[in-house]
Amino acid sequence: QEKEELIEEWQPEPLVPPVPKDHPALNYNVVSGPPTHVITVNGKECINFASFNFLGLLDNEKVKSAAQASLKKYGVGTCGPRGFYGTFDVHLELEERLAKFMRTEEAIIYSYGFATIASAIPAYSKRGDIVFVDEAACFAIQKGLQASRSNIKLFKHNDMADLERLLKEQETEDQKNPRKARVTRRFIVVEGLYMNTGDICPLPELIKLKYKYKVRIFLEESLSFGVLGEHGRGITEHFGINIDDIDLISANMENSLASIGGFCCGRSFIIDHQRLSGQGYCFSASLPPLLAAAAIEALNIMEDNPDIFQTLRAKCEHIHKALQGISGLKVVGESFSPALHLQLEESCGSRENDVKLLRRVVDYCMNSGVALTQACYLEKEEKCLPPPSIRVVITVEQTEQELDKAASLLKEAAQSVLN
Amino acid sequence: VNHIVHNGGLYKRPFNEAFEETPMLVAVLTYVGYGVLTLFGYLRDFMRQWKIEKCQNATEREEQKDFVPLYQDFENFYNRNLYMRIRDSWNRPICSVPGAKVDMMERVSHDYNWTFTYTGRVIKDIINMGSYNYLGFAQNAGACQEAAAKVLCQYGAGVCSTRQEMGNLDKHEELEKLVARFLGVESAMAYGMGFATNSMNIPALVGKGCLILSDELNHASLVLGARLSGATIRIFKHNNMQSLEKLLKDAIVHGQPRTRRPWKKILILVEGIYSMEGSIVRLPEVIALKKKYKSYLYLDEAHSIGALGPSGRGVVEYFGLNPEDVDVMMGTFTKSFGAAGGYIGGKKELIDYLRTYSHSAVYATSMSPPVVEQIITSVKCIMGEDGTTIGKARVQQLAENTRYFRRRLKEMGFIIYGNEDSPVVPLMLYMPAKIGAFGREMLKRNIGVVVVGFPATPIIESRARFCLSAAHTKEMLDTALKEIDEVGDLLQLKYSRRRLVPLLDRPFDETTYEETED
């Protein structure tokens with residue numbers, strides 16, 4: 001009888017709390033037509049400084065016709081995961097090409113960029129293992145770490161001394177309990193070019209630390225694949241490091257390759273394990289063949305024109321210089337990084353007000369024909385929330401005049417809004 | 001155990017579900033089989049360790065040999081010794097559209113499945129009973145493909161941005177309005193991957209202090225989403241309403257485990273059709289329980305959308321229920337729509353909240369435009385809005401195929417699990433040797449089937465799983481049935497101890513669905 005009363009009385013919370021109508025994240029920008037170099041946002045034609053289309057392959061005719069041919073042959077969907085008649089010859093070809101391009105033994109493809117690193121980390125790192133990860137790691141890495149249930153140790157962004165301190169602490173712990181230490185795996189997870197700060201990771205020092213403390217390295221190259229290095233092979237080519245020194249390289253194909261999905265590459269010893277224990281690989285449908293064909297064609301273009309990487313880096317340097325000296329905004333990121341952040345030099349007190357101020361700068365630019373966007377984060381879920389910023393993305397299709405126009409427009413906007 | 005629940009009460013139609021018990025002799029023989037394999041496994045590992053036999057695994061780098069080993073030896077025991085023997089039943093590469101008939105690349109292994117080589121020959125016209133192609137939309141010609149080709153030409157293949165930044169195309173908004181109309185809900189939101197739809201949205205809906213009641217046999221994506229949310233998870237027996245009710249009562253009466261504070265909210269996670277069992281969720285009873293105990297229902301219609309219901313609108317329509325009773329309707333576009341991705345439908349407040357706080361909207365790239373167009377065209381076809389009756393004909397064809405196929409298999413004497421109306425048909429194999437043998441024998445006869453064993457199923461209940469499609473004609477089904485009969489006799493798979501009297505003269509049922517009152 002008492003139980004009946006308790007059941008009657010209990011009132012749950014509503015399934016979702018109400019969201020105010022003017023919440024900034026609720027009203028999306030509507031893009032009519034393809035999100036290419038010239039983009040129509042909310043009805044206005046602008047130059048695109050917000051899509052990660054670094055090599056301009058989004059509306060490349062060769063890529064589109066390769067995808068069309070694949071569409072005529074295979075249809076759209078694959079109707080099954082890789083294990084059950086979802087493996088097409090296009091997937092096998094793409095994996096071979098990626099492995100050959102990155103000069104590793106094997107590669108594995110996922111059908112969703114976010115799921116790539118979020119499935120790769122829990123496949124190797126389990127409860128009881130230790131992962132040292134940079135504070136500015138992107139959300140996908142954070143979710144992969146959460147799913148793995150391992151011990152996470154954060155070190156300050158790009159601070160090798162802090163990492164060494166943590167590694168030394170771990171070493172002293174190990175000496176107290178050598179039996180446990182012999183079965184505890186250790187990993188370092190870093191990104192080539194950080195999405196949240198635009199900085200590059202100091203890989204040569206990391207390799208030294210790897211061999212000194214016997215830790216494996218997982219490298220996330222979503223922004224640096226197709227950007228750094230003489231042939232676009234990423235940060236290992238940029239620093240001239242032997243690719244076998246990195247245990248696992250993961251990247252998504254949604255930035256430079258202008259397709260959908262992601263891949264991991266490395267030695268067969270490591271990659272083959274994901275074919276049975278990568279959750280996003282085994283329990284999910286495979287990548288639609290037309291997207292795989294588009295990625296193969298994009299790889300062909302990257303291999304045939306190795307000078308686009310140099311052109312892209314030159315444009316990045318150009319705009320990095322042009323954006324210096326805007327009153328009120330500071331540029332965050334390396335000079336050769338194609339995805340920069342513009343943060344407020346002085347915060348005006350609360351994050352909400354900062355976001356509103358930056359929103360006005362972005363609106364000013366959009367009204368004058370330059371499409372920009374604020375970097376979006378889930379404020380309550382991020383481990384180390386970056387400060388609000390405007391994201392500036394440089395692509396190889398932007399001309400010098402357009403870069404200068406964008407820089408001067410940002411100066412004007414900052415003047416009018418922030419002063 | 002047979003459950004036949006007739007009209008009256010909550011169910012407006014008969015609910016026929018059967019899971020015949022494993023015969024005792026078969027169970028014993030299966031354990032013996034695994035025992036022998038395990039012994040041989042130890043023997044081979046011993047020989048490999050003492051270098052009597054060559055070790056064909058890939059190995060660690062010389063420079064890293066003193067690092068902590070990446071894999072524990074025991075973890076891979078099953079992989080090395082059991083899975084490797086029959087590895088050729090999975091990951092079969094195909095090179096044509098995955099329709100009713102498919103072309104497969106021939107591959108051979110000269111070293112007992114450690115490596116494969118492709119001979120270059122293509123085996124043509126294999127009857128495809130493995131792809132999730134329920135309504136036959138996996139086509140490389142026709143209205144859907146042409147529309148997708150046009151959109152590909154105009155928009156390109158990728159999007160290169162997230163929904164909240166610059167990736168929200170007008171095509172996505174069109175798709176979401178259409179999906180909401182199709183399901184009969186206020187609003188819907190679409191995502192690029194079905195797996196990610198679960199693993200990224202359940203954490204946005206529930207958190208610490210909430211309770212998740214999840215079915216025993218839920219899919220890996222639901223389990224991952226529940227774990228990532230941080231809520232307490234309790235599991236109820238598969239499709240067992242008494243178990244669910246007991247958990248609900250206990251939860252409300254006793255509250256949270258140590259603090260005894262009341263739970264913030266309770267979320268029940270169920271699937272429409274469970275793909276390994278072929279069973280359909282007891283939705284009327286679940287909804288009655290949900291209303292009585294004021295909890296929320298999350299329904300994952302990955303396999304049931306498009307496959308059940310008189311007009312293909314899923315398990316809610318199949319039972320004649322109101323879509324507004326289900327708080328969160330989730331589904332995927334991979335199976336019945338021949339595309340990729342997932343969606344969530346529900347009230348406008350729910351979808352507005354997800355647009356703001358879903359992990360996928362903030363951090364993941366949006367869907368590719370030609371895939372979106374394929375979904376739009378196929379949904380319009382199913383609804384009949386493209387001016388033809390192709391959609392309706394396909395839904396009916398699938399229902400007829402399902403009933404016919406299941407009845408014939410039962411008549412032959414196989415043990416078939418699941419609900420009579422589910423297009424997923426698991427045929428029990430049990431013994432480990434028969435898993436590999438069944439797959440290979442069927443391929444020799446030009447039929448492609450899917451076999452599953454441990455760890456996707458309990459260790460002695462390995463099975464072959466057929467996925468029926470509206471694209472299968474009666475001739476194809478008859479050919480397949482004839483071959484399955486032959487292989488069943490060859491491998492002694494007809495375990496069933498109850499025989500259905502074969503209905504020889506009965507034609508296809510004309511009344512496949514009873515019209516429910518509106």
# chains A, B, ... in the order shown; residues from 1 in each chain; ligands from 1

call {"tool": "residues_around", "arguments": {"residues": "segment 428-445 of chain B", "least_positions_apart": "2", "cutoff": "10 Å", "atoms": "only C-alpha atoms", "output": "number ranges by chain"}}
result
B: 20, 22, 26-34, 37, 82-83, 85-90, 123, 126-127, 414-417, 425-426, 447-454, 458-465, 479-480, 483-484, 486-488, 490-496

call {"tool": "residues_around", "arguments": {"residues": "Ile241 of chain A", "least_positions_apart": "2", "cutoff": "12 Å", "atoms": "only C-alpha atoms", "output": "ChimeraX atom specification"}}
result
/A:202-208,229,233-239,243-246

call {"tool": "write_last_selection", "arguments": {"atoms": "N, CA, C and O atoms", "output": "PDB file, in the first residue's frame"}}
result
ATOM      1  N   PRO A 202      54.802  19.202 -30.555  1.00  0.00           N
ATOM      2  CA  PRO A 202      56.259  19.034 -30.705  1.00  0.00           C
ATOM      3  C   PRO A 202      56.639  17.570 -30.802  1.00  0.00           C
ATOM      4  O   PRO A 202      57.078  16.957 -29.820  1.00  0.00           O
ATOM      5  N   LEU A 203      56.454  16.996 -31.968  1.00  0.00           N
ATOM      6  CA  LEU A 203      56.571  15.542 -32.098  1.00  0.00           C
ATOM      7  C   LEU A 203      57.971  14.984 -31.819  1.00  0.00           C
ATOM      8  O   LEU A 203      58.081  13.942 -31.175  1.00  0.00           O
ATOM      9  N   PRO A 204      59.089  15.606 -32.272  1.00  0.00           N
ATOM     10  CA  PRO A 204      60.399  15.005 -31.995  1.00  0.00           C
ATOM     11  C   PRO A 204      60.655  14.785 -30.505  1.00  0.00           C
ATOM     12  O   PRO A 204      61.144  13.733 -30.109  1.00  0.00           O
ATOM     13  N   GLU A 205      60.255  15.778 -29.666  1.00  0.00           N
ATOM     14  CA  GLU A 205      60.463  15.572 -28.217  1.00  0.00           C
ATOM     15  C   GLU A 205      59.598  14.426 -27.706  1.00  0.00           C
ATOM     16  O   GLU A 205      60.002  13.677 -26.820  1.00  0.00           O
ATOM     17  N   LEU A 206      58.383  14.316 -28.279  1.00  0.00           N
ATOM     18  CA  LEU A 206      57.499  13.240 -27.854  1.00  0.00           C
ATOM     19  C   LEU A 206      58.105  11.881 -28.168  1.00  0.00           C
ATOM     20  O   LEU A 206      57.976  10.939 -27.385  1.00  0.00           O
ATOM     21  N   ILE A 207      58.742  11.764 -29.325  1.00  0.00           N
ATOM     22  CA  ILE A 207      59.354  10.485 -29.678  1.00  0.00           C
ATOM     23  C   ILE A 207      60.443  10.131 -28.680  1.00  0.00           C
ATOM     24  O   ILE A 207      60.553   8.989 -28.227  1.00  0.00           O
ATOM     25  N   LYS A 208      61.216  11.164 -28.275  1.00  0.00           N
ATOM     26  CA  LYS A 208      62.256  10.872 -27.276  1.00  0.00           C
ATOM     27  C   LYS A 208      61.640  10.366 -25.986  1.00  0.00           C
ATOM     28  O   LYS A 208      62.084   9.385 -25.406  1.00  0.00           O
ATOM     29  N   GLY A 229      53.710  18.979 -44.373  1.00  0.00           N
ATOM     30  CA  GLY A 229      54.575  18.043 -45.072  1.00  0.00           C
ATOM     31  C   GLY A 229      54.689  18.388 -46.545  1.00  0.00           C
ATOM     32  O   GLY A 229      53.816  19.024 -47.119  1.00  0.00           O
ATOM     33  N   ARG A 233      51.644  14.487 -46.254  1.00  0.00           N
ATOM     34  CA  ARG A 233      51.474  13.285 -45.434  1.00  0.00           C
ATOM     35  C   ARG A 233      51.309  13.609 -43.959  1.00  0.00           C
ATOM     36  O   ARG A 233      51.211  12.706 -43.150  1.00  0.00           O
ATOM     37  N   GLY A 234      51.326  14.875 -43.602  1.00  0.00           N
ATOM     38  CA  GLY A 234      51.039  15.207 -42.212  1.00  0.00           C
ATOM     39  C   GLY A 234      52.274  15.564 -41.426  1.00  0.00           C
ATOM     40  O   GLY A 234      53.338  15.851 -41.945  1.00  0.00           O
ATOM     41  N   ILE A 235      52.125  15.516 -40.118  1.00  0.00           N
ATOM     42  CA  ILE A 235      53.148  16.065 -39.240  1.00  0.00           C
ATOM     43  C   ILE A 235      54.418  15.225 -39.245  1.00  0.00           C
ATOM     44  O   ILE A 235      55.515  15.742 -39.023  1.00  0.00           O
ATOM     45  N   THR A 236      54.319  13.903 -39.534  1.00  0.00           N
ATOM     46  CA  THR A 236      55.524  13.081 -39.545  1.00  0.00           C
ATOM     47  C   THR A 236      56.430  13.485 -40.699  1.00  0.00           C
ATOM     48  O   THR A 236      57.651  13.520 -40.565  1.00  0.00           O
ATOM     49  N   GLU A 237      55.818  13.851 -41.831  1.00  0.00           N
ATOM     50  CA  GLU A 237      56.638  14.299 -42.947  1.00  0.00           C
ATOM     51  C   GLU A 237      57.190  15.692 -42.666  1.00  0.00           C
ATOM     52  O   GLU A 237      58.303  16.023 -43.036  1.00  0.00           O
ATOM     53  N   HIS A 238      56.385  16.529 -41.991  1.00  0.00           N
ATOM     54  CA  HIS A 238      56.799  17.878 -41.658  1.00  0.00           C
ATOM     55  C   HIS A 238      58.072  17.869 -40.826  1.00  0.00           C
ATOM     56  O   HIS A 238      58.995  18.646 -41.034  1.00  0.00           O
ATOM     57  N   PHE A 239      58.140  16.952 -39.833  1.00  0.00           N
ATOM     58  CA  PHE A 239      59.321  16.896 -38.974  1.00  0.00           C
ATOM     59  C   PHE A 239      60.338  15.882 -39.445  1.00  0.00           C
ATOM     60  O   PHE A 239      61.398  15.754 -38.833  1.00  0.00           O
ATOM     61  N   ILE A 243      57.751   6.982 -39.901  1.00  0.00           N
ATOM     62  CA  ILE A 243      56.335   6.804 -39.579  1.00  0.00           C
ATOM     63  C   ILE A 243      56.103   5.606 -38.667  1.00  0.00           C
ATOM     64  O   ILE A 243      55.103   5.557 -37.946  1.00  0.00           O
ATOM     65  N   ASP A 244      57.013   4.644 -38.645  1.00  0.00           N
ATOM     66  CA  ASP A 244      56.824   3.495 -37.771  1.00  0.00           C
ATOM     67  C   ASP A 244      56.996   3.842 -36.310  1.00  0.00           C
ATOM     68  O   ASP A 244      56.624   3.060 -35.440  1.00  0.00           O
ATOM     69  N   ASP A 245      57.560   5.016 -36.023  1.00  0.00           N
ATOM     70  CA  ASP A 245      57.713   5.407 -34.624  1.00  0.00           C
ATOM     71  C   ASP A 245      56.374   5.769 -33.996  1.00  0.00           C
ATOM     72  O   ASP A 245      56.236   5.756 -32.779  1.00  0.00           O
ATOM     73  N   ILE A 246      55.400   6.139 -34.829  1.00  0.00           N
ATOM     74  CA  ILE A 246      54.081   6.460 -34.283  1.00  0.00           C
ATOM     75  C   ILE A 246      53.260   5.190 -34.337  1.00  0.00           C
ATOM     76  O   ILE A 246      53.166   4.547 -35.379  1.00  0.00           O
TER      77      ILE A 246
END

call {"tool": "select_by_dssp", "arguments": {"residues": "segment 78-266 of chain B", "states": "strand (DSSP E or B)", "output": "PyMOL selection string"}}
result
chain B and resi 93-94+101-108+117-128+162+169+187-191+211-215+232-236+266

call {"tool": "closest_residue", "arguments": {"among": "A:Lys383, A:Leu409, A:Lys21, A:Ala66", "to": "Asp363 of chain A", "atoms": "only C-alpha atoms"}}
result
A:Leu409

call {"tool": "select_by_dssp", "arguments": {"residues": "segment 27-62 of chain B", "states": "alpha helix (DSSP H)", "output": "JSON, numbers by chain"}}
result
{"B": [27, 28, 29, 30, 31, 32, 33, 34, 35, 36, 37, 38, 39, 40, 41, 42, 43, 44, 45, 46, 47, 48, 49]}

call {"tool": "residues_around", "arguments": {"residues": "segment 270-276 of chain A", "least_positions_apart": "4", "cutoff": "10 Å", "atoms": "only C-alpha atoms", "output": "VMD selection string"}}
result
(chain A and resid 82 to 83 105 to 109 119 to 124 247 to 249 264 to 266 280 to 283) or (chain B and resid 58 to 60 70 to 71 76 79 91)

call {"tool": "residues_around", "arguments": {"residues": "Gly198 of chain A", "least_positions_apart": "5", "cutoff": "7 Å", "atoms": "only C-alpha atoms", "output": "ChimeraX atom specification"}}
result
/A:193,332-334,337,339-340

call {"tool": "write_last_selection", "arguments": {"atoms": "C-alpha atoms", "output": "PDB file, in the first residue's frame"}}
result
ATOM      1  CA  LEU A 193      47.469  20.421 -35.432  1.00  0.00           C
ATOM      2  CA  VAL A 332      45.696  32.146 -31.895  1.00  0.00           C
ATOM      3  CA  GLY A 333      47.424  29.478 -33.950  1.00  0.00           C
ATOM      4  CA  GLU A 334      50.568  28.698 -35.912  1.00  0.00           C
ATOM      5  CA  SER A 337      47.837  26.422 -39.693  1.00  0.00           C
ATOM      6  CA  ALA A 339      42.357  26.859 -39.113  1.00  0.00           C
ATOM      7  CA  LEU A 340      42.978  29.850 -36.855  1.00  0.00           C
TER       8      LEU A 340
END

call {"tool": "residues_around", "arguments": {"residues": "Ala470 of chain B", "least_positions_apart": "5", "cutoff": "9 Å", "atoms": "only C-alpha atoms", "output": "PDB file with C-alpha atoms, in the first residue's frame"}}
result
ATOM      1  CA  ALA B 100      18.663  -9.164 -54.322  1.00  0.00           C
ATOM      2  CA  ASN B 133      17.891  -4.353 -47.894  1.00  0.00           C
ATOM      3  CA  TYR B 134      14.346  -4.751 -46.570  1.00  0.00           C
ATOM      4  CA  LEU B 135      12.482  -2.623 -49.094  1.00  0.00           C
ATOM      5  CA  GLY B 136      14.829  -3.163 -51.989  1.00  0.00           C
ATOM      6  CA  PHE B 137      16.050   0.450 -52.232  1.00  0.00           C
ATOM      7  CA  ALA B 393       3.726  -2.689 -53.267  1.00  0.00           C
ATOM      8  CA  ARG B 394       7.196  -3.176 -51.751  1.00  0.00           C
ATOM      9  CA  VAL B 395       5.950  -3.083 -48.174  1.00  0.00           C
ATOM     10  CA  GLN B 396       3.352  -5.706 -49.001  1.00  0.00           C
ATOM     11  CA  GLN B 397       5.845  -7.835 -50.920  1.00  0.00           C
ATOM     12  CA  LEU B 398       8.167  -7.857 -47.915  1.00  0.00           C
ATOM     13  CA  ALA B 399       5.364  -9.000 -45.614  1.00  0.00           C
ATOM     14  CA  GLU B 400       4.381 -11.784 -48.003  1.00  0.00           C
ATOM     15  CA  ASN B 401       7.997 -12.891 -48.414  1.00  0.00           C
TER      16      ASN B 401
END

call {"tool": "residues_around", "arguments": {"residues": "segment 45-48 of chain A", "least_positions_apart": "2", "cutoff": "10 Å", "atoms": "only C-alpha atoms", "output": "PyMOL selection string"}}
result
(chain A and resi 31-32+35-43+50-53+365-373+392-395+397-398+402-403+406) or (chain B and resi 166)
